[in-house]
Amino acid sequence: MTTPAAEQVDPATLRKVIVAAAIGNFVEWFDFAVYGFLATTIALLFFPSGDASVALLKTFAVFAVAFAFRPLGGIVFGMLGDRIGRKRTLAMTILLMAAATTLIGLLPTYASIGLLAPVLLTLIRCAQGFSAGGEYAGACAYVMEHAPIGKRAWYGSFLPVSTFSAFACAAVVAYVLEASLSSEAMTSWGWRLPFLIAAPLGLIGLYLRWRLDETPAFQAVSDEHEVAHSPLKETLVHHARPILCLGAFVSLTALSFYMFTTYFATYLQVAGGLSRSASLLVALIALGFAAAFCPLAGAFSDKVGRRKTVVVTCVWLVVADLPAFLMASSGSFLASVLGVMLLAVGAVLSGVVTAALLSEVFPTRTRYTASAITYNMAYTLFGGTAPLMATWLISTTGSNLSPAFYLIAVSLLALVGGLALPETSRISLHQVPSMDAKVPAGSLA
């Protein structure tokens, strides 16, 4: 196959690509963040119970159930992306995500329609999970297939920037609502506002994505009539090993990300005794730090290579986990900020290198399908269950540090899987090496 000059895409086009990819990613994660930050309010409105812990567990269970549909969405949208192209598929995902998020903002509560309320909430969350299954892996492929060799992690880092920015904006919105509204107003109508923001954002994202061209890599495959006719079958037959190895590392990305972004706002309240508004402020500071750190992490990964980035990430999280949880449970505002920032460094490094690896490990023909399966399986098993597992571990063991030991164990698993992958930072995306070929960090494939 000839190699398209993806590396020669002009900077203006690259900027448009990044903005179009990032805004859909923003909409996706803004919703998930709002749900996490408003978990205690949602528990009260949709799962009324005499036991606050039980209601919170049910709320996080619905959070986890949505992830069960992400692999299915990844398979469906992944196959579409490898058959009809990245551009049209990403337009579908953002439209479905924005519509589902808006519906949550319009949903009647338990007090109005009884048991139907949590049922509808669960169904809508499943629709969100289905659409999210095709979003992130596709957005990564879209950006990476435009980015030049040697700077893919840096360009790709703007997707994690949009992710952390989405969580930061969700934290701002939740904090402002908590600080400015009475508890009665918050439970009556205030909680709906963040979800309704998705409608205009989704339309803007759809407009931007529809105006862009297809990626050079997919266009080359299409022009040469080499589009995969059965991308799912081809993925399962030829890419099982890289899926398992990369999936082991992405499990850490998923767990560290959701521990840091979604669960810690609750952990600071439950274990540290901080008020809801104080915990949201801590989260906002850490998220701003994480968003700013992403491009630096991308430049670092491009310089030292993917395998060294994997090692640094895993070692950092093993060493920093316990101090982070100890400081976060201290009840001190400053110590809590420092503790969450320790986790943020690991989550950012993991997220940035994952964005690159998702596209670098798999060939263009099946890149969307294979990366979506890998990403969503890991996020379903370790990301969507993170708040539920952390809450259950603390409840079962009686120790506020039990989630830290869980994160350490997954970090060790991720290290094994990540080191089984070849070095890919300097290869062409049109010449992806086999899992048995170790490509030197300074050479081109």
# chains A, B, ... in the order shown; residues from 1 in each chain; ligands from 1

$ residues_around --residues "Asp321 in chain A" --least-positions-apart "6" --cutoff "7 Å" --atoms "only C-alpha atoms" --output "list in words"
Leu343, Ala404 and Ile408 of chain A

$ closest_residue --among "A:Phe300, A:Phe47, A:Tyr406, A:Tyr155" --to "Ala139 in chain A" --atoms "only C-alpha atoms"
A:Tyr155

$ closest_residue --among "A:Val250, A:Ala153, A:Ala141, A:Leu45" --to "Gly383 in chain A" --atoms "only C-alpha atoms"
A:Val250

$ atom_distance --atom1 "CA of Asp82 in chain A" --atom2 "CA of Ile373 in chain A"
12.8 Å

$ closest_residue --among "A:Ala99, A:Ala132, A:Met259, A:Ala299" --to "Ile197 in chain A" --atoms "only C-alpha atoms"
A:Ala99

$ closest_residue --among "A:Gly150, A:Gly205, A:Gly305, A:Pro194" --to "Met92 in chain A" --atoms "only C-alpha atoms"
A:Gly205

$ closest_residue --among "A:Val353, A:Thr364, A:Thr309, A:Leu268" --to "Met327 in chain A" --atoms "only C-alpha atoms"
A:Leu268
